[in-house]
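Raw contents of protein-v3.txt, compact mmCIF, C-alpha atoms:
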```txt
# COMPACT_ATOMS: atom_id res chain seq x y z
CA MET A 1 51.61 22.10 80.74
CA SER A 2 51.88 19.55 77.91
CA GLN A 3 52.54 15.86 78.57
CA ARG A 4 56.27 15.19 78.70
CA LEU A 5 58.10 12.13 77.43
CA GLN A 6 59.84 10.26 80.24
CA THR A 7 63.60 9.85 79.99
CA PRO A 8 65.18 6.53 81.06
CA ASP A 9 67.49 8.03 83.67
CA ARG A 10 65.50 10.82 85.32
CA ILE A 11 62.61 10.96 87.78
CA GLU A 12 59.98 13.63 87.09
CA ALA A 13 57.30 15.15 89.29
CA ASP A 14 54.60 17.69 88.44
CA TYR A 15 53.44 20.18 91.09
CA THR A 16 50.94 22.94 91.54
CA VAL A 17 52.52 25.68 93.66
CA GLU A 18 51.34 28.96 95.17
CA THR A 19 53.77 31.73 96.14
CA SER A 20 54.06 35.50 96.63
CA VAL A 21 57.80 35.29 95.97
CA ASP A 22 59.04 35.58 92.39
CA PRO A 23 57.72 32.19 91.29
CA ARG A 24 60.76 31.18 89.28
CA GLN A 25 63.01 32.03 92.20
CA ALA A 26 60.76 30.03 94.53
CA VAL A 27 60.87 27.03 92.23
CA ASP A 28 64.66 27.22 92.09
CA VAL A 29 64.70 27.06 95.91
CA MET A 30 62.42 24.05 95.74
CA ALA A 31 64.77 22.28 93.30
CA GLY A 32 67.81 23.06 95.41
CA GLU A 33 66.23 21.94 98.69
CA GLN A 34 65.30 18.57 97.22
CA SER A 35 68.67 17.81 95.62
CA SER A 36 72.19 19.17 96.03
CA GLY A 37 71.54 22.61 97.54
CA THR A 38 70.50 24.21 100.80
CA PHE A 39 69.40 27.67 101.95
CA VAL A 40 72.85 29.25 101.34
CA ALA A 41 75.62 28.60 98.84
CA ILE A 42 78.04 25.98 100.11
CA PRO A 43 81.61 25.30 98.92
CA GLY A 44 81.07 21.66 97.99
CA GLU A 45 78.27 22.37 95.53
CA THR A 46 80.52 22.83 92.53
CA PRO A 47 79.27 23.32 88.98
CA GLU A 48 80.37 19.75 88.25
CA LEU A 49 78.36 18.39 91.17
CA LYS A 50 75.32 20.43 90.17
CA ALA A 51 75.53 19.11 86.63
CA ARG A 52 75.64 15.60 88.02
CA SER A 53 73.10 15.71 90.84
CA ALA A 54 71.02 18.89 90.99
CA ALA A 55 67.29 18.83 90.31
CA ARG A 56 66.24 20.57 87.12
CA VAL A 57 63.22 22.75 86.45
CA GLU A 58 61.88 21.09 83.33
CA ALA A 59 58.70 23.12 82.88
CA PHE A 60 57.02 26.18 84.37
CA GLU A 61 53.62 27.70 83.64
CA ALA A 62 51.83 30.43 85.62
CA ILE A 63 48.13 29.54 85.61
CA GLY A 64 46.51 32.12 87.87
CA THR A 65 46.58 34.14 91.07
CA ALA A 66 45.16 33.76 94.57
CA ALA A 67 43.46 36.48 96.58
CA SER A 68 45.03 35.28 99.85
CA PRO A 69 47.48 32.55 100.97
CA SER A 70 45.94 29.09 101.06
CA LEU A 71 48.17 27.93 103.92
CA PRO A 72 49.69 29.73 106.93
CA GLY A 73 53.38 30.35 107.58
CA ALA A 74 54.49 31.46 104.12
CA MET A 75 56.54 34.55 103.34
CA GLU A 76 54.37 37.59 102.71
CA THR A 77 56.06 39.94 100.25
CA GLY A 78 53.08 42.12 99.37
CA ASP A 79 53.41 40.99 95.74
CA PRO A 80 50.64 39.12 93.91
CA ILE A 81 50.24 35.48 94.86
CA THR A 82 50.98 33.35 91.80
CA ILE A 83 49.67 29.87 91.16
CA ALA A 84 51.86 27.87 88.79
CA ARG A 85 52.42 24.40 87.43
CA VAL A 86 55.99 23.19 87.55
CA THR A 87 57.87 20.02 86.65
CA LEU A 88 61.08 19.06 88.43
CA SER A 89 63.38 16.21 87.52
CA TRP A 90 66.17 14.37 89.32
CA PRO A 91 68.81 11.97 88.04
CA LEU A 92 68.03 8.38 88.92
CA ALA A 93 71.63 8.11 90.14
CA ASN A 94 70.79 10.34 93.15
CA ILE A 95 68.72 7.66 94.86
CA GLY A 96 68.54 4.58 92.66
CA ALA A 97 65.28 2.70 92.18
CA SER A 98 64.10 3.08 95.78
CA LEU A 99 60.47 3.88 96.54
CA PRO A 100 61.10 5.12 100.12
CA ASN A 101 63.82 7.47 98.90
CA LEU A 102 61.68 8.51 95.96
CA VAL A 103 59.05 9.76 98.41
CA ALA A 104 61.71 11.61 100.40
CA THR A 105 62.83 13.28 97.17
CA VAL A 106 59.54 14.28 95.53
CA ALA A 107 57.58 14.87 98.77
CA GLY A 108 60.07 15.74 101.47
CA ASN A 109 60.91 19.10 103.04
CA LEU A 110 59.42 21.05 100.16
CA PHE A 111 55.98 21.10 101.85
CA GLU A 112 57.54 23.21 104.63
CA LEU A 113 59.36 25.76 102.48
CA LYS A 114 58.26 29.22 103.52
CA GLN A 115 58.40 30.43 99.93
CA PHE A 116 55.14 28.55 99.30
CA SER A 117 51.63 29.08 100.60
CA GLY A 118 50.49 26.03 98.63
CA LEU A 119 52.18 22.99 97.11
CA ARG A 120 50.64 19.81 95.74
CA ILE A 121 52.10 16.83 93.87
CA GLU A 122 50.03 16.21 90.75
CA ASP A 123 51.88 13.37 89.00
CA ILE A 124 55.14 11.45 88.88
CA ARG A 125 56.92 9.62 86.06
CA LEU A 126 59.49 6.98 86.84
CA PRO A 127 62.31 5.34 84.89
CA ALA A 128 61.83 1.69 83.99
CA ALA A 129 64.38 0.78 86.66
CA PHE A 130 61.58 1.12 89.24
CA GLY A 131 59.55 -1.47 87.38
CA ASP A 132 62.54 -3.80 87.47
CA ALA A 133 63.10 -3.26 91.21
CA TYR A 134 59.54 -3.76 92.47
CA PRO A 135 57.06 -6.55 91.74
CA GLY A 136 53.98 -4.39 91.31
CA PRO A 137 50.56 -6.06 91.50
CA ARG A 138 50.95 -9.82 91.14
CA PHE A 139 47.23 -10.38 90.58
CA GLY A 140 45.73 -7.08 89.48
CA VAL A 141 42.63 -7.19 87.30
CA ALA A 142 43.01 -10.39 85.30
CA LYS A 143 44.09 -12.79 88.05
CA THR A 144 41.61 -11.35 90.55
CA ARG A 145 38.85 -12.08 88.04
CA GLU A 146 40.16 -15.63 87.62
CA LEU A 147 40.10 -16.26 91.36
CA VAL A 148 36.58 -14.90 91.76
CA GLY A 149 35.27 -16.39 88.52
CA VAL A 150 33.65 -13.17 87.34
CA HIS A 151 34.18 -11.80 83.84
CA GLY A 152 32.48 -9.11 81.77
CA ARG A 153 31.06 -7.18 84.71
CA PRO A 154 32.28 -5.63 87.96
CA ILE A 155 32.98 -7.83 90.97
CA ILE A 156 30.10 -7.15 93.37
CA GLY A 157 31.05 -6.99 97.03
CA THR A 158 30.34 -5.71 100.49
CA ILE A 159 31.90 -5.02 103.89
CA ILE A 160 31.34 -6.80 107.18
CA LYS A 161 29.16 -4.46 109.25
CA PRO A 162 29.01 -3.60 112.13
CA SER A 163 32.63 -2.57 111.59
CA VAL A 164 33.60 -3.87 115.02
CA GLY A 165 31.67 -5.59 117.79
CA PHE A 166 31.13 -9.00 116.23
CA GLY A 167 33.14 -11.97 117.44
CA ALA A 168 34.59 -14.61 115.14
CA GLU A 169 31.46 -16.79 114.99
CA GLU A 170 29.13 -13.83 114.44
CA THR A 171 31.38 -12.69 111.58
CA ALA A 172 31.22 -16.18 110.10
CA GLN A 173 27.43 -16.24 110.40
CA LEU A 174 27.13 -12.94 108.54
CA THR A 175 29.58 -14.21 105.94
CA ARG A 176 27.32 -17.23 105.39
CA THR A 177 24.37 -14.89 104.80
CA LEU A 178 26.38 -12.80 102.35
CA ILE A 179 27.76 -15.66 100.29
CA GLU A 180 24.32 -17.27 100.14
CA ALA A 181 23.23 -13.92 98.68
CA ASP A 182 25.64 -14.76 95.81
CA LEU A 183 28.14 -11.98 96.47
CA ASP A 184 31.52 -12.19 94.75
CA PHE A 185 33.61 -10.37 97.32
CA ILE A 186 33.49 -9.62 101.06
CA LYS A 187 35.99 -7.68 103.13
CA ASP A 188 36.81 -6.97 106.74
CA ASP A 189 36.20 -3.40 107.74
CA GLU A 190 39.51 -1.57 108.17
CA LEU A 191 38.72 -1.16 111.88
CA GLN A 192 38.54 -4.92 112.42
CA SER A 193 41.98 -6.39 112.94
CA ASP A 194 43.02 -8.61 115.87
CA GLY A 195 41.26 -7.33 118.97
CA PRO A 196 40.64 -9.50 122.04
CA SER A 197 36.93 -9.76 121.20
CA CYS A 198 37.62 -10.98 117.65
CA PRO A 199 41.13 -12.49 117.35
CA PHE A 200 42.41 -12.70 113.79
CA GLU A 201 43.17 -16.41 113.90
CA ASP A 202 39.72 -17.29 115.27
CA ARG A 203 37.99 -15.05 112.71
CA ALA A 204 39.97 -16.42 109.76
CA GLN A 205 39.30 -20.03 110.74
CA ALA A 206 35.57 -19.46 111.34
CA VAL A 207 35.06 -17.50 108.12
CA MET A 208 37.06 -19.89 105.95
CA ARG A 209 35.08 -22.87 107.28
CA VAL A 210 31.96 -21.20 105.94
CA ILE A 211 33.57 -20.24 102.63
CA ASN A 212 35.18 -23.65 102.05
CA ASN A 213 31.94 -25.46 102.83
CA HIS A 214 30.12 -23.22 100.34
CA ALA A 215 32.79 -23.87 97.72
CA GLU A 216 32.50 -27.64 98.19
CA ARG A 217 28.75 -27.48 97.70
CA SER A 218 28.60 -24.94 94.88
CA GLY A 219 31.99 -25.09 93.19
CA ARG A 220 32.34 -21.32 93.63
CA LYS A 221 34.56 -19.62 96.20
CA PRO A 222 33.79 -15.96 96.99
CA MET A 223 36.81 -13.80 97.79
CA PHE A 224 37.16 -12.59 101.38
CA ALA A 225 39.76 -9.87 102.09
CA PHE A 226 41.08 -10.46 105.62
CA ASN A 227 42.56 -7.36 107.26
CA ILE A 228 46.13 -8.36 108.14
CA THR A 229 47.24 -4.81 109.07
CA GLY A 230 49.81 -4.95 111.86
CA ASP A 231 53.55 -5.23 112.46
CA LEU A 232 55.61 -6.88 109.72
CA ASP A 233 55.88 -10.27 111.38
CA GLN A 234 52.19 -10.20 112.28
CA MET A 235 51.24 -9.43 108.69
CA ARG A 236 53.39 -12.26 107.35
CA ARG A 237 51.93 -14.75 109.84
CA ARG A 238 48.37 -13.63 109.13
CA HIS A 239 48.92 -13.87 105.39
CA ASP A 240 50.33 -17.38 105.79
CA LEU A 241 47.35 -18.47 107.87
CA VAL A 242 44.86 -17.18 105.28
CA LEU A 243 46.81 -18.97 102.54
CA GLU A 244 46.90 -22.19 104.57
CA LEU A 245 43.16 -22.03 105.18
CA GLY A 246 42.44 -21.65 101.46
CA GLY A 247 41.70 -17.94 101.48
CA THR A 248 42.14 -15.87 98.35
CA CYS A 249 42.79 -12.30 99.51
CA VAL A 250 44.37 -10.20 102.26
CA MET A 251 43.89 -6.52 103.04
CA ALA A 252 46.22 -3.85 104.41
CA SER A 253 45.66 -0.21 105.39
CA LEU A 254 48.30 1.67 103.40
CA ASN A 255 48.74 4.70 105.63
CA SER A 256 48.93 2.50 108.73
CA VAL A 257 51.50 -0.05 107.55
CA GLY A 258 53.57 2.51 105.65
CA LEU A 259 55.47 2.17 102.42
CA VAL A 260 58.13 -0.24 103.67
CA GLY A 261 55.45 -2.40 105.29
CA MET A 262 53.55 -2.57 102.02
CA ILE A 263 56.68 -3.34 100.02
CA GLU A 264 57.49 -6.25 102.32
CA VAL A 265 53.91 -7.57 102.26
CA GLY A 266 53.98 -7.28 98.47
CA ARG A 267 57.17 -9.32 98.25
CA HIS A 268 55.87 -11.94 100.66
CA SER A 269 52.29 -12.32 99.52
CA GLN A 270 51.00 -15.21 97.44
CA LEU A 271 47.51 -13.69 97.50
CA PRO A 272 45.94 -10.54 96.07
CA ILE A 273 46.46 -7.50 98.30
CA HIS A 274 43.39 -5.35 98.82
CA ALA A 275 44.83 -1.91 99.61
CA HIS A 276 42.68 0.36 101.76
CA ARG A 277 43.40 4.07 101.67
CA ASN A 278 41.83 5.10 105.02
CA GLY A 279 43.46 8.36 106.06
CA TRP A 280 43.63 9.56 102.45
CA GLY A 281 41.81 12.78 103.36
CA TYR A 282 44.69 14.16 105.41
CA LEU A 283 46.95 13.84 102.36
CA SER A 284 44.57 15.37 99.87
CA ARG A 285 41.59 17.30 101.18
CA HIS A 286 43.09 20.78 100.82
CA PRO A 287 43.43 21.52 97.09
CA MET A 288 46.75 23.31 97.60
CA LEU A 289 48.47 20.74 99.78
CA GLY A 290 49.56 17.12 99.61
CA TRP A 291 49.06 14.65 96.81
CA SER A 292 46.78 13.99 93.90
CA TYR A 293 45.63 10.37 93.82
CA VAL A 294 47.02 10.07 90.29
CA ALA A 295 50.54 10.42 91.69
CA TRP A 296 50.00 8.65 95.02
CA GLN A 297 48.54 5.42 93.69
CA LYS A 298 51.55 4.79 91.44
CA ILE A 299 53.78 4.28 94.47
CA TRP A 300 51.46 1.74 96.09
CA ARG A 301 50.86 -0.16 92.86
CA LEU A 302 54.59 -0.61 92.44
CA ALA A 303 54.81 -1.75 96.07
CA GLY A 304 52.34 -4.54 95.28
CA ALA A 305 48.74 -3.31 95.72
CA ASP A 306 46.34 -5.35 93.57
CA HIS A 307 43.13 -3.48 94.48
CA MET A 308 43.05 0.26 95.23
CA HIS A 309 40.14 2.10 96.87
CA VAL A 310 39.03 5.16 94.88
CA ASN A 311 35.78 6.19 96.65
CA GLY A 312 32.65 6.26 94.43
CA LEU A 313 30.32 8.56 92.54
CA SER A 314 27.86 10.55 94.68
CA ASN A 315 29.78 9.25 97.67
CA LYS A 316 29.24 9.91 101.37
CA PHE A 317 32.54 11.79 101.63
CA CYS A 318 33.77 15.13 100.27
CA GLU A 319 35.45 13.96 97.06
CA SER A 320 34.10 15.11 93.70
CA ASP A 321 32.95 12.69 91.03
CA ASP A 322 35.61 14.02 88.63
CA SER A 323 38.31 13.13 91.14
CA VAL A 324 36.91 9.63 91.67
CA ILE A 325 36.86 8.87 87.94
CA ALA A 326 40.38 10.26 87.46
CA SER A 327 41.58 8.06 90.32
CA ALA A 328 39.99 4.91 88.93
CA ALA A 329 41.27 5.61 85.41
CA ALA A 330 44.76 6.09 86.82
CA CYS A 331 44.70 2.62 88.44
CA LEU A 332 43.87 1.13 85.03
CA THR A 333 46.61 3.06 83.21
CA PRO A 334 49.92 1.21 82.61
CA LEU A 335 52.98 2.44 84.50
CA PHE A 336 55.49 1.07 82.01
CA ALA A 337 55.19 -0.16 78.44
CA ASP A 338 56.51 -3.63 79.27
CA LYS A 339 55.06 -3.88 82.81
CA PRO A 340 51.55 -2.44 83.01
CA CYS A 341 51.14 -2.89 86.80
CA LEU A 342 47.37 -2.42 86.60
CA ALA A 343 45.39 -2.39 89.84
CA MET A 344 41.67 -3.00 90.13
CA PRO A 345 39.89 0.14 91.39
CA VAL A 346 37.48 -0.36 94.28
CA PHE A 347 34.33 1.78 94.29
CA SER A 348 32.65 2.14 97.69
CA SER A 349 31.19 4.70 100.12
CA GLY A 350 27.45 4.99 99.67
CA GLN A 351 27.16 3.00 96.43
CA THR A 352 23.73 1.73 95.33
CA VAL A 353 21.95 0.73 92.13
CA THR A 354 21.76 4.35 91.01
CA GLN A 355 25.46 5.02 90.30
CA PRO A 356 26.49 2.23 87.85
CA PRO A 357 25.22 3.93 84.64
CA GLU A 358 27.26 7.08 85.18
CA THR A 359 30.21 5.16 86.59
CA PHE A 360 30.44 2.97 83.49
CA ALA A 361 29.78 5.83 81.08
CA ARG A 362 32.55 7.95 82.58
CA LEU A 363 35.13 5.26 83.33
CA GLY A 364 34.52 3.25 80.17
CA SER A 365 35.41 0.01 81.92
CA ALA A 366 33.80 -2.69 84.06
CA ASP A 367 37.16 -3.68 85.55
CA LEU A 368 36.37 -2.74 89.13
CA ILE A 369 35.13 -3.97 92.47
CA TYR A 370 31.80 -2.40 93.37
CA ALA A 371 31.39 -2.59 97.14
CA ALA A 372 28.06 -1.64 98.67
CA GLY A 373 26.91 -1.95 102.26
CA GLY A 374 23.46 -0.43 102.62
CA GLY A 375 22.96 -0.89 98.88
CA ILE A 376 22.86 -4.63 99.57
CA MET A 377 21.83 -5.11 103.18
CA ALA A 378 19.08 -2.48 103.14
CA HIS A 379 17.25 -3.91 100.12
CA PRO A 380 13.58 -4.33 101.14
CA ASP A 381 13.70 -8.00 100.12
CA GLY A 382 17.01 -8.83 101.79
CA PRO A 383 20.68 -9.07 100.81
CA ALA A 384 20.22 -11.66 98.05
CA ALA A 385 17.85 -9.29 96.29
CA GLY A 386 20.27 -6.44 97.01
CA ALA A 387 23.15 -8.26 95.31
CA ALA A 388 20.93 -9.21 92.38
CA SER A 389 19.79 -5.60 91.96
CA LEU A 390 23.39 -4.42 91.69
CA ARG A 391 24.19 -7.01 89.04
CA GLN A 392 21.06 -5.96 87.14
CA SER A 393 22.01 -2.29 87.38
CA TRP A 394 25.49 -3.00 86.05
CA GLN A 395 24.18 -5.16 83.24
CA ALA A 396 21.89 -2.32 82.19
CA ALA A 397 24.77 0.16 82.39
CA ILE A 398 27.04 -2.01 80.22
CA GLU A 399 24.30 -2.63 77.68
CA GLY A 400 23.26 1.03 77.60
CA VAL A 401 19.73 0.31 78.84
CA PRO A 402 18.11 2.99 81.06
CA LEU A 403 17.58 1.83 84.62
CA ALA A 404 13.85 2.44 84.44
CA THR A 405 13.63 0.19 81.39
CA ALA A 406 15.72 -2.53 83.00
CA ALA A 407 13.65 -2.32 86.18
CA ALA A 408 10.49 -3.20 84.26
CA SER A 409 11.78 -6.76 83.80
CA ASN A 410 13.90 -7.06 86.97
CA ASN A 411 11.93 -7.02 90.20
CA GLU A 412 15.01 -6.72 92.45
CA LEU A 413 16.22 -3.63 90.59
CA SER A 414 12.72 -2.16 90.58
CA ARG A 415 12.37 -2.58 94.33
CA ALA A 416 15.84 -1.10 94.95
CA LEU A 417 15.03 1.97 92.85
CA GLU A 418 11.76 2.42 94.72
CA ALA A 419 13.62 2.23 98.04
CA SER A 420 16.27 4.71 96.91
CA ALA A 421 13.57 7.20 95.86
CA SER A 422 11.69 7.02 99.15
```
Could you render the structure as C-alpha cells?
Amino acid sequence: MSQRLQTPDRIEADYTVETSVDPRQAVDVMAGEQSSGTFVAIPGETPELKARSAARVEAFEAIGTAASPSLPGAMETGDPITIARVTLSWPLANIGASLPNLVATVAGNLFELKQFSGLRIEDIRLPAAFGDAYPGPRFGVAKTRELVGVHGRPIIGTIIKPSVGFGAEETAQLTRTLIEADLDFIKDDELQSDGPSCPFEDRAQAVMRVINNHAERSGRKPMFAFNITGDLDQMRRRHDLVLELGGTCVMASLNSVGLVGMIEVGRHSQLPIHAHRNGWGYLSRHPMLGWSYVAWQKIWRLAGADHMHVNGLSNKFCESDDSVIASAAACLTPLFADKPCLAMPVFSSGQTVTQPPETFARLGSADLIYAAGGGIMAHPDGPAAGAASLRQSWQAAIEGVPLATAAASNNELSRALEASAS
C-alpha cells in the first residue's frame, strides 16, 4: 500500500487484518462499527449523516493468506483466510483533536469483531489540529542534550539495580558510584516508586544531595530520571519536588498511568519526561493483534513524552532487530511539518559494547540514550571502565572504525570485548 498524503480534516489509520469473510465486506463492517453504523441498519443513519460522519475505506490490498486463524473466536466460513492491508479514515469533526477519543476510534471495539481472526494497527496520520491541541515533547532531543551537556554522541546511561530492595541512602550511594564513573544518565527502575522501604521523597532528597554536590565540584550535572508513576496528584507533587531539588528529569510508566495521566503530566511538567513502555509486550507480541510501535509512539509523543524506550539490538527480550530500528527511527521522524515533536529513543535491555556499530549503521543517528546495566557494572575493571568502554565503542561506530581496531588503543574497550567473548 503506497504512502498516502494526509488531508487536513481527516484522521487515517493503517491496519493489517485477517478474515475468512469476504474481506471487503469485513472491512466495511469495521468502518461502520467505528463510526456511524452498528451491526444492523438503523433509521437514523441517513445518507446525509453517512456522508458527514461515516468512516471511509481509503485503501485495500490483499497481501496473502493464512493456513489457520491466528486468534480464536472469529467466524469460520470455510473460505480461504485472507490477510490484507487496509486504510480507514474518519472526519476530524467526529471527535475533534482529542487523543483519548482518537484511541477509542482507531483502536476500540474493532479488536473484538468476529469477522476478524487478526487485526493490528500499523500506523496513524493525524491532522495538524492535534499538534495544536497537545504540547508534544517540550525537551526532546535538543534540550535533553543541553541539560546533560552531551553532543555528537549518544547519552550513556544506566539503571539503578537491584530494581527494588535498596533504601534511599543505599540508592544515593550507588548513584555516587555511577556519577563518579562519569555516566551521563541514571534512572530509577520502573519497579521502584514510593514503597515504605524507599519513600519517594527520601530517595529524591538523598540522590539529589549526591548529584548537586557532584555538580558543585565538577560543573557537570548528570541526569537522573526519578520514577514519579502514581495517581495524578502524586505525580504532580513528585515532579514539583524533583524540580525544587534541582533535578532534571522525571519518569512515568505509560501503560500504568494511562493516556490521560500522561497528558496531564505532560502539561504540568517543567522537566523532560522519560517514558517507560513496560507492558508493551501485551499490546504487540502477537503479530496479528494490537499495535505496531510506529503507530503507538505517536500518541505518547503528542501527550508529552521526551524519551521513548525502544528496546535494543540483540536484546534480552523477544523483539527483532528490525522492529527495534523501525521504532527508534519513528521517534526521530517529525509528526507535523511545523511541529516535529521528536522524542529521543532509549536503547536498553542487554546492551553492551558489541551493539553500537550495528545500531549506528542501521539507525544513522547518534541521537539516543544508550542504557546499559551489566554492560557497565559487570566490566572487569569496574563501572568507570564500563562507561568508558561504551563511549569508546560509540566513538568507533560513529567514525566507522572496527571495534577490534579501536580496542587496540583503548584498554577499557579491549577488556569489555574480552569479557563479552568469554
(message) Using all atoms listed in the file for the distances, tell me which of A:Leu71, A:Met208, A:Leu110, A:Ala13 is nearest to Gly32 of chain A.
(response)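 Closest to Gly32 of chain A of all the choices is A:Leu110.
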Set the distance at 7 Å and use all atoms listed in the file: which residues neighbour segment 388-405 of chain A once local chain neighbours fewer than 2 positions away are removed? I'd like the list as a PDB file with C-alpha atoms, keeping the file's coordinate frame.
```
ATOM      1  CA  VAL A 353      21.950   0.730  92.130  1.00  0.00           C
ATOM      2  CA  PRO A 356      26.490   2.230  87.850  1.00  0.00           C
ATOM      3  CA  PRO A 357      25.220   3.930  84.640  1.00  0.00           C
ATOM      4  CA  PHE A 360      30.440   2.970  83.490  1.00  0.00           C
ATOM      5  CA  ALA A 384      20.220 -11.660  98.050  1.00  0.00           C
ATOM      6  CA  ALA A 385      17.850  -9.290  96.290  1.00  0.00           C
ATOM      7  CA  GLY A 386      20.270  -6.440  97.010  1.00  0.00           C
ATOM      8  CA  ALA A 407      13.650  -2.320  86.180  1.00  0.00           C
ATOM      9  CA  ALA A 408      10.490  -3.200  84.260  1.00  0.00           C
ATOM     10  CA  GLU A 412      15.010  -6.720  92.450  1.00  0.00           C
ATOM     11  CA  LEU A 413      16.220  -3.630  90.590  1.00  0.00           C
ATOM     12  CA  ALA A 416      15.840  -1.100  94.950  1.00  0.00           C
TER      13      ALA A 416
END
```
(message) Given the point (45.1, 13.7, 85.7) in the coordinates of this file, which residues lie within 9 Å, counting all atoms listed in the file, and how would they look as number ranges by chain?
(response) A: 122-123, 292-295, 323, 326-327, 329-330
(message) Please determine, counting all atoms listed in the file, which residue among A:Ile159, A:Ile124, A:Ala55, A:Ala104 has the shortest atom-to-atom distance to Trp296 of chain A.
(response)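 Closest residue, counting all atoms listed in the file: A:Ile124.
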(request) May I ask which of the residues A:His286, A:Arg56, A:Lys161, A:His379 is the closest one to Leu119 of chain A, counting all atoms listed in the file? (result) A:His286
(request) Extract, using all atoms listed in the file, all DNA, RNA and protein residues at most 9 Å from Pro135 of chain A, discarding same-chain residues fewer than 2 positions from it, and format them as a list in words. (result) Gly131, Asp132, Ala133, Pro137, Arg138, Ile263, Gly266, Arg267, Arg301, Leu302, Ala303, Gly304 and Cys341 of chain A
(request) Name the closest residue to Leu335 of chain A among the candidates A:Ala129, A:Leu88, A:Cys198, A:Leu113; distances are taken between atoms, counting all atoms listed in the file. (result)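 Answer, going by the shortest atom-to-atom distance: A:Ala129.
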(request) For Asn255 of chain A, please output as a PyMOL selection string all residues within 9 Å (counting all atoms listed in the file; exclusion window: fewer than 4 positions along the same chain). (result) chain A and resi 259+276-280
With only C-alpha atoms counted, which protein, DNA or RNA residues have an atom no more than 10 Å from (32.0, -14.7, 107.4) in the file frame? Please answer as a PDB file with C-alpha atoms, in the coordinates of the input.
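Okay, this is what ended up in part_13.pdb:
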```
ATOM      1  CA  ILE A 160      31.340  -6.800 107.180  1.00  0.00           C
ATOM      2  CA  ALA A 168      34.590 -14.610 115.140  1.00  0.00           C
ATOM      3  CA  GLU A 169      31.460 -16.790 114.990  1.00  0.00           C
ATOM      4  CA  GLU A 170      29.130 -13.830 114.440  1.00  0.00           C
ATOM      5  CA  THR A 171      31.380 -12.690 111.580  1.00  0.00           C
ATOM      6  CA  ALA A 172      31.220 -16.180 110.100  1.00  0.00           C
ATOM      7  CA  GLN A 173      27.430 -16.240 110.400  1.00  0.00           C
ATOM      8  CA  LEU A 174      27.130 -12.940 108.540  1.00  0.00           C
ATOM      9  CA  THR A 175      29.580 -14.210 105.940  1.00  0.00           C
ATOM     10  CA  ARG A 176      27.320 -17.230 105.390  1.00  0.00           C
ATOM     11  CA  THR A 177      24.370 -14.890 104.800  1.00  0.00           C
ATOM     12  CA  LEU A 178      26.380 -12.800 102.350  1.00  0.00           C
ATOM     13  CA  ILE A 179      27.760 -15.660 100.290  1.00  0.00           C
ATOM     14  CA  ILE A 186      33.490  -9.620 101.060  1.00  0.00           C
ATOM     15  CA  LYS A 187      35.990  -7.680 103.130  1.00  0.00           C
ATOM     16  CA  ASP A 188      36.810  -6.970 106.740  1.00  0.00           C
ATOM     17  CA  ARG A 203      37.990 -15.050 112.710  1.00  0.00           C
ATOM     18  CA  ALA A 204      39.970 -16.420 109.760  1.00  0.00           C
ATOM     19  CA  GLN A 205      39.300 -20.030 110.740  1.00  0.00           C
ATOM     20  CA  ALA A 206      35.570 -19.460 111.340  1.00  0.00           C
ATOM     21  CA  VAL A 207      35.060 -17.500 108.120  1.00  0.00           C
ATOM     22  CA  MET A 208      37.060 -19.890 105.950  1.00  0.00           C
ATOM     23  CA  ARG A 209      35.080 -22.870 107.280  1.00  0.00           C
ATOM     24  CA  VAL A 210      31.960 -21.200 105.940  1.00  0.00           C
ATOM     25  CA  ILE A 211      33.570 -20.240 102.630  1.00  0.00           C
ATOM     26  CA  PHE A 224      37.160 -12.590 101.380  1.00  0.00           C
TER      27      PHE A 224
END
```
Skipping near chain neighbours, those fewer than 2 positions away, what residues fall within 9 Å of Ser420 of chain A using only C-alpha atoms, listed as a PDB file with C-alpha atoms, in the frame of the given file?
```
ATOM      1  CA  THR A 352      23.730   1.730  95.330  1.00  0.00           C
ATOM      2  CA  VAL A 353      21.950   0.730  92.130  1.00  0.00           C
ATOM      3  CA  THR A 354      21.760   4.350  91.010  1.00  0.00           C
ATOM      4  CA  GLY A 375      22.960  -0.890  98.880  1.00  0.00           C
ATOM      5  CA  ARG A 415      12.370  -2.580  94.330  1.00  0.00           C
ATOM      6  CA  ALA A 416      15.840  -1.100  94.950  1.00  0.00           C
ATOM      7  CA  LEU A 417      15.030   1.970  92.850  1.00  0.00           C
ATOM      8  CA  GLU A 418      11.760   2.420  94.720  1.00  0.00           C
ATOM      9  CA  SER A 422      11.690   7.020  99.150  1.00  0.00           C
TER      10      SER A 422
END
```
(request) Tell me, in Å to one decimal, how far atom CA of Gly108 of chain A is from atom CA of Gly258 of chain A. (result)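 If I compute the distance from atom CA of Gly108 of chain A to atom CA of Gly258 of chain A, I get 15.3 Å.
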Step by step: locate segment 306-313 of chain A in the block above, keep N, CA and C atoms, then write the file as a compact mmCIF listing (two decimals), in the first residue's frame.
```
# COMPACT_ATOMS: atom_id res chain seq x y z
N ASP A 306 9.26 12.82 26.21
CA ASP A 306 10.51 13.33 25.65
C ASP A 306 11.47 12.21 25.27
N HIS A 307 11.46 11.13 26.03
CA HIS A 307 12.31 9.96 25.77
C HIS A 307 11.38 8.75 25.68
N MET A 308 11.60 7.90 24.68
CA MET A 308 10.75 6.73 24.49
C MET A 308 11.61 5.46 24.41
N HIS A 309 11.33 4.49 25.27
CA HIS A 309 12.06 3.22 25.22
C HIS A 309 11.71 2.45 23.94
N VAL A 310 12.75 1.88 23.31
CA VAL A 310 12.55 1.14 22.05
C VAL A 310 13.20 -0.24 22.08
N ASN A 311 13.66 -0.70 23.26
CA ASN A 311 14.41 -1.96 23.36
C ASN A 311 15.81 -1.73 22.78
N GLY A 312 16.49 -2.75 22.29
CA GLY A 312 17.83 -2.61 21.74
C GLY A 312 18.18 -3.78 20.85
N LEU A 313 19.22 -3.64 20.07
CA LEU A 313 19.63 -4.73 19.19
C LEU A 313 20.16 -5.91 20.02
```
